[in-house]
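Trainee: Below are the structure tokens for one structure; questions will follow.
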Amino acid sequence: MSEQRRSASSSYQPRSIWRKRVKREWKPLEDRSCTDLPWFLLFMLFCGGMGAICGYTIVTGGAARLVFGYDSYGNTCGQTNEAIEGVRLSGLDHRDRKYVFFLDPCNLDIIQRKIKSMALCVSQCPTEEMKTYEDLRRFAMWNNSELCSYELAAHRYPSLPERFDKCPKLPVPQSKALPVFNRCTPVDISCYSKFAEAVVTFVSDNTILHRLIAGVVASKEIIAGLCLLALVLSMILMVIIRYISAVLVWILTVLVVLGSLGGTSFLWWLYIDHRLTMNETLATDLKEATETNGETVASKDHMRGLLVYATSATVFTVILLLLMLFMRKRVALTIALFHVAGKVFIHLPLLVLQPFCTFLALFLFWVYWILVLLFLGTTGNPEKNEQTGLTEFRLSGPLQYLIWYHAVGLIWISEFILACQQMTVAGAVVTYYFTRDKNKLPMTPILSSVFRLIRYHLGTVAKGSFIITLVKIPRLILIYIRNQLKGKENACARCMLKACICCLWCLEKCLNYLNQNAYAATAINSTSFCTSARDAFVILVENALRVAAINTVGDFVLFLGKVLIMTCTAFAGVLALNYQRDYTEWVLPLIIVCLFAFLVAHCFLSIFEIVVDVLFLCFAIDTKYNDGTPSKEFYMDKALMEFVENSRRSVAPAERGRSSKRSRAREETGLTEMKAMAPGTSSA
């Protein structure tokens with residue numbers, strides 16, 4: 001009987017442990033278990049499918065055809081080939097022909113974004129421009145590289161009647177082979193300008209496009225220097241956040257106000273100066289202005305651009321000043337927030353490297369994804385195009401859905417990498433917050449957080465990223481449908497599409513924020529994704545006003561930091577590009593610089609945003625389960641403790657006033673009741 005009781009008690013022990021785990025202590029656990037293991041296995045199976053797609057393209061020859069190139073008869077260059085049924089001139093031995101040569105490399109299909117020309121495998125690319133068929137014959141005899149179709153004899157090129165269809169279009173430009181993909185590419189830049197026109201879908205005025213491209217090419221050194229300036233400014237702002245966070249809000253406020261006002265004033269000054277200069281020129285020498293009509297048109301376009309920029313900057317500055325006016329009362333909360341976040345970066349300096357690690361992981365995955373996508377473009381069964389007579393490789397049947405599977409993999413795995421960054425940062429910040437003695441922190445909290453993520457919580461990250469993917473895919477599909485139906489749908493359908501896209505975008509942002517807090521709850525309690533999301537949601541709802549106010553102000557200040565970096569870089573770009581007289585259009589270079597500056601600032605300051613969100617989730621948990629008594633001491637930093645004390649002091653007079661009113665009301669009620677109960681007071 002005793003043995004049975006012991007076995008029964010041992011069988012009920014896991015249930016008792018589970019009941020204890022339900023009562024969460026809300027501090028980092030030493031004993032952890034794997035969370036959301038089925039989702040981790042599902043994610044591994046999905047990644048295995050992505051790898052199988054890559055293996056399929058390699059086995060079926062798609063990767064080889066992309067890397068080594070292939071001709072219009074289905075032969076891979078540099079290899080021996082097998083004959084394809086129904087395709088003439090297939091199955092040739094091209095071991096001595098390693099380069100792909102296009103008969104008309106500048107003949108581009110703008111809709112399909114590809115070269116619409118016959119391709120051949122040749123031994124050598126043209127080393128000089130050839131203007132006659134005699135030059136083609138001489139090049140073939142001297143270099144043993146035949147540039148016409150395989151069935152034509154090289155010594156008869158000038159006299160063959162098929163030379164107009166099966167030989168390259170004259171003149172044949174000088175070309176060189178790409179170092180990786182073995183394609184003969186023309187040295188003449190005119191072909192590249194046509195290719196740019198084929199890629200850009202908004203081509204309406206070729207002259208404007210050529211001027212934009214010329215502006216980018218002429219200012220490439222300035223663009224590189226300004227991008228480096230944006231990187232340096234982001235690093236400087238991170239240093240400021242770490243060491244002088246108490247005055248960061250005021251610094252950002254003053255600099256953003258001065259930068260916005262200064263940039264707007266400078267743009268208006270440029271516009272007025274440009275207009276006065278042009279008016280003086282037209283007034284003094286009308287004949288000369290008429291002779292240089294092209295320069296006058298370019299100057300007018302430049303002046304219109306300056307007017308648009310100045311007006312947009314004015315509207316932006318007015319909105320920014322109004323927002324700062326309404327948010328001024330929350331400055332004290334923001335200073336306390338940034339003070340604690342700055343201490344986190346001092347104790348965890350490796351947090352600054354997280355954007356580089358995440359960018360490297362995303363970059364490597366995106367390169368892999370693009371290569372496999374290109375492999376898929378040259379994989380499949382050979383099919384003869386009836387219009388051109390050329391052989392193309394296309395996926396047919398169920399295999400054509402591999403591209404959709406590959407596209408879903410791009411979204412899910414990218415979101416998974418970003419979620420891993422959030423979980424890593426959340427785990428390190430949680431460890432910092434719930435460690436009372438900061439000198440007893442682990443040697444490398446970031447590496448410890450990465451180790452916990454890999455060992456226990458990859459399934460949770462996979463599940464959270466999959467939920468974001470489920471919301472993002474319909475939004476992208478709706479955006480694609482809207483672009484395809486642009487100009488064809490009615491106003492009602494257009495409004496419905498925009499409303500659905502906006503709703504899905506808002507839902508995605510809310511889920512991103514909830515996922516981030518769920519990762520922090522998982523880092524604390526080692527619970528599954530759904531349990532962590534529910535617990536975090538309950539805590540955030542209970543502290544909605546306080547957390548939302550602090551979090552909103554913090555995000556707003558960080559947004560001002562991004563705007564500051566972008567405006568400083570744009571201001572430097574205006575100064576550098578405005579005085580370049582080699583070209584008149586500097587719209588595209590300035591847009592490229594501004595986008596890159598904002599992207600760099602976002603990569604660095606997004607880490608700070610994650611730290612802020614996790615800190616205040618911990619702060620809400622700390623104030624909920626602790627009250628400062630000896631048995632329930634706060635974990636929070638002194639700055640947040642001062643904020644709590646100040647909040648209590650501000651609330652105390654109001655509480656005392658309400659309590660005194662309640663006591664007076666009770667006294668008046670008691671006196672009334674005593675009078676009613678006293679003898680002789682009732683009316684006879």
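To be explicit about the labels: the chains of the structure tokens are called A, B, and onward in the order shown, and within each one the residues are counted from 1, while ligands get numbers from 1 in the order they are shown.
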Neighbours of Ile565 in chain A within 12 Å (only C-alpha atoms; same-chain residues fewer than 3 positions away dropped), as an NGL selection string?
Mentor: :A and (226-238 or 252 or 255-256 or 259-260 or 558-562 or 568-572 or 593-602 or 604-605)
Trainee: Okay, now the selection with N, CA and C atoms, as a short mmCIF file (atom, residue, chain, number, x, y, z; two decimals), in the first residue's frame?
Mentor:
```cif
data_model
loop_
_atom_site.label_atom_id
_atom_site.label_comp_id
_atom_site.auth_asym_id
_atom_site.auth_seq_id
_atom_site.Cartn_x
_atom_site.Cartn_y
_atom_site.Cartn_z
N LEU A 226 27.61 61.23 -48.27
CA LEU A 226 26.45 61.56 -47.45
C LEU A 226 25.90 60.33 -46.72
N CYS A 227 25.95 59.18 -47.35
CA CYS A 227 25.53 57.95 -46.67
C CYS A 227 26.45 57.63 -45.49
N LEU A 228 27.74 57.86 -45.69
CA LEU A 228 28.68 57.68 -44.58
C LEU A 228 28.41 58.68 -43.47
N LEU A 229 28.03 59.91 -43.83
CA LEU A 229 27.67 60.92 -42.83
C LEU A 229 26.46 60.47 -42.02
N ALA A 230 25.46 59.88 -42.67
CA ALA A 230 24.28 59.39 -41.95
C ALA A 230 24.66 58.30 -40.96
N LEU A 231 25.57 57.42 -41.35
CA LEU A 231 26.02 56.37 -40.44
C LEU A 231 26.73 56.96 -39.23
N VAL A 232 27.60 57.96 -39.46
CA VAL A 232 28.33 58.59 -38.35
C VAL A 232 27.37 59.33 -37.43
N LEU A 233 26.38 60.03 -37.99
CA LEU A 233 25.40 60.73 -37.15
C LEU A 233 24.59 59.76 -36.31
N SER A 234 24.25 58.61 -36.86
CA SER A 234 23.51 57.62 -36.08
C SER A 234 24.35 57.10 -34.92
N MET A 235 25.63 56.85 -35.17
CA MET A 235 26.50 56.40 -34.08
C MET A 235 26.65 57.47 -33.01
N ILE A 236 26.77 58.73 -33.43
CA ILE A 236 26.89 59.83 -32.46
C ILE A 236 25.62 59.94 -31.62
N LEU A 237 24.47 59.77 -32.26
CA LEU A 237 23.21 59.84 -31.51
C LEU A 237 23.10 58.70 -30.51
N MET A 238 23.59 57.52 -30.86
CA MET A 238 23.60 56.41 -29.91
C MET A 238 24.50 56.71 -28.72
N LEU A 252 17.24 67.25 -28.64
CA LEU A 252 16.51 66.88 -29.85
C LEU A 252 15.44 67.90 -30.19
N LEU A 255 17.22 71.05 -31.58
CA LEU A 255 17.85 70.81 -32.88
C LEU A 255 16.83 70.55 -33.97
N VAL A 256 15.77 69.82 -33.64
CA VAL A 256 14.76 69.55 -34.66
C VAL A 256 14.03 70.83 -35.04
N GLY A 259 16.58 72.84 -36.98
CA GLY A 259 16.83 72.21 -38.27
C GLY A 259 15.67 72.34 -39.23
N SER A 260 14.45 72.15 -38.73
CA SER A 260 13.27 72.28 -39.60
C SER A 260 13.11 73.71 -40.09
N LEU A 558 12.21 59.33 -30.32
CA LEU A 558 13.09 58.56 -31.20
C LEU A 558 12.78 58.87 -32.67
N PHE A 559 11.52 59.11 -32.97
CA PHE A 559 11.17 59.53 -34.33
C PHE A 559 11.81 60.88 -34.65
N LEU A 560 11.82 61.77 -33.66
CA LEU A 560 12.50 63.06 -33.87
C LEU A 560 13.98 62.85 -34.13
N GLY A 561 14.57 61.85 -33.45
CA GLY A 561 15.97 61.55 -33.71
C GLY A 561 16.20 61.09 -35.14
N LYS A 562 15.30 60.26 -35.65
CA LYS A 562 15.42 59.82 -37.04
C LYS A 562 15.26 61.00 -38.00
N CYS A 568 19.54 66.56 -41.22
CA CYS A 568 20.95 66.99 -41.26
C CYS A 568 21.64 66.46 -42.51
N THR A 569 21.38 65.19 -42.84
CA THR A 569 21.98 64.62 -44.04
C THR A 569 21.43 65.30 -45.29
N ALA A 570 20.10 65.57 -45.31
CA ALA A 570 19.51 66.25 -46.46
C ALA A 570 20.04 67.68 -46.59
N PHE A 571 20.23 68.36 -45.46
CA PHE A 571 20.77 69.72 -45.50
C PHE A 571 22.18 69.73 -46.08
N ALA A 572 23.00 68.77 -45.63
CA ALA A 572 24.34 68.65 -46.20
C ALA A 572 24.28 68.29 -47.68
N VAL A 593 19.73 59.65 -50.82
CA VAL A 593 20.45 59.96 -49.58
C VAL A 593 19.50 60.02 -48.40
N CYS A 594 18.34 60.67 -48.56
CA CYS A 594 17.38 60.78 -47.46
C CYS A 594 16.83 59.42 -47.05
N LEU A 595 16.51 58.57 -48.03
CA LEU A 595 16.01 57.24 -47.70
C LEU A 595 17.06 56.42 -46.97
N PHE A 596 18.29 56.49 -47.43
CA PHE A 596 19.35 55.73 -46.76
C PHE A 596 19.59 56.26 -45.35
N ALA A 597 19.58 57.59 -45.17
CA ALA A 597 19.80 58.17 -43.85
C ALA A 597 18.70 57.74 -42.88
N PHE A 598 17.44 57.78 -43.34
CA PHE A 598 16.34 57.37 -42.47
C PHE A 598 16.43 55.87 -42.16
N LEU A 599 16.83 55.06 -43.14
CA LEU A 599 16.95 53.62 -42.91
C LEU A 599 18.04 53.32 -41.89
N VAL A 600 19.18 53.99 -42.00
CA VAL A 600 20.27 53.77 -41.04
C VAL A 600 19.84 54.21 -39.64
N ALA A 601 19.22 55.39 -39.54
CA ALA A 601 18.75 55.86 -38.23
C ALA A 601 17.70 54.91 -37.65
N HIS A 602 16.83 54.40 -38.50
CA HIS A 602 15.81 53.46 -38.01
C HIS A 602 16.44 52.17 -37.50
N PHE A 604 19.36 51.74 -36.11
CA PHE A 604 20.00 51.94 -34.81
C PHE A 604 18.97 52.26 -33.73
N LEU A 605 18.05 53.16 -34.02
CA LEU A 605 17.11 53.60 -32.98
C LEU A 605 15.99 52.59 -32.75
#
```
Trainee: How far is it from CA of Arg97 in chain A to CA of Asn75 in chain A, in Å with one decimal?
Mentor: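 Separating CA of Arg97 in chain A from CA of Asn75 in chain A is a distance of 10.7 Å.
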Trainee: For Thr35 in chain A, work out the shell of residues within 7 Å, counting only C-alpha atoms and skipping chain neighbours fewer than 4 positions away, then give it as number ranges by chain.
Mentor: A: 456-457, 459-460, 527-528
Trainee: For the selection you just gave me, I'd like the residues written to a file as a compact mmCIF listing (two decimals), in the first residue's frame, keeping N, CA and C atoms.
Mentor:
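And here is the file that came out, part08.txt:
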```
# COMPACT_ATOMS: atom_id res chain seq x y z
N TYR A 456 15.71 27.23 -26.24
CA TYR A 456 14.37 27.06 -25.69
C TYR A 456 13.25 27.70 -26.52
N HIS A 457 13.47 28.84 -27.16
CA HIS A 457 12.35 29.67 -27.60
C HIS A 457 12.30 29.91 -29.10
N GLY A 459 10.71 28.08 -31.22
CA GLY A 459 9.33 27.82 -31.62
C GLY A 459 8.42 29.00 -31.38
N THR A 460 8.63 29.70 -30.26
CA THR A 460 7.83 30.91 -29.97
C THR A 460 8.08 31.99 -31.01
N THR A 527 7.09 30.84 -20.94
CA THR A 527 5.78 30.30 -21.32
C THR A 527 5.64 30.34 -22.83
N SER A 528 4.61 29.67 -23.33
CA SER A 528 4.37 29.60 -24.77
C SER A 528 3.95 30.96 -25.31
```
Trainee: May I ask for the distance between CA of Thr311 in chain A and CA of Leu258 in chain A, given in Å to one decimal place?
Mentor: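 Computing it gives 17.3 Å between the two atoms.
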Trainee: Between CA of Leu395 in chain A and CA of Cys148 in chain A, what distance in Å does the model show, to one decimal?
Mentor: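 That distance, rounded to one decimal, is 29.5 Å.
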Trainee: For Asn483 in chain A, which residue out of A:Val372, A:Leu497, A:Phe451, A:Ser159 is the nearest one, using only C-alpha atoms?
Mentor: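 Going through A:Val372, A:Leu497, A:Phe451, A:Ser159 one by one, the smallest distance to Asn483 in chain A is for A:Leu497.
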Trainee: For each of A:Tyr401, A:Phe316, A:Tyr157, A:Phe43, take the minimum atom-to-atom distance to Arg138 in chain A, counting only C-alpha atoms, then give the residue where this is smallest.
Mentor: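 That would be A:Tyr157, the residue with the smallest distance to Arg138 in chain A.
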Trainee: Which residues come within 12 Å of Leu320 in chain A, counting only C-alpha atoms, excluding same-chain residues fewer than 2 positions away, as a ChimeraX atom specification?
Mentor: /A:253,256-261,313-318,322-327,556-557,559-560,563-564
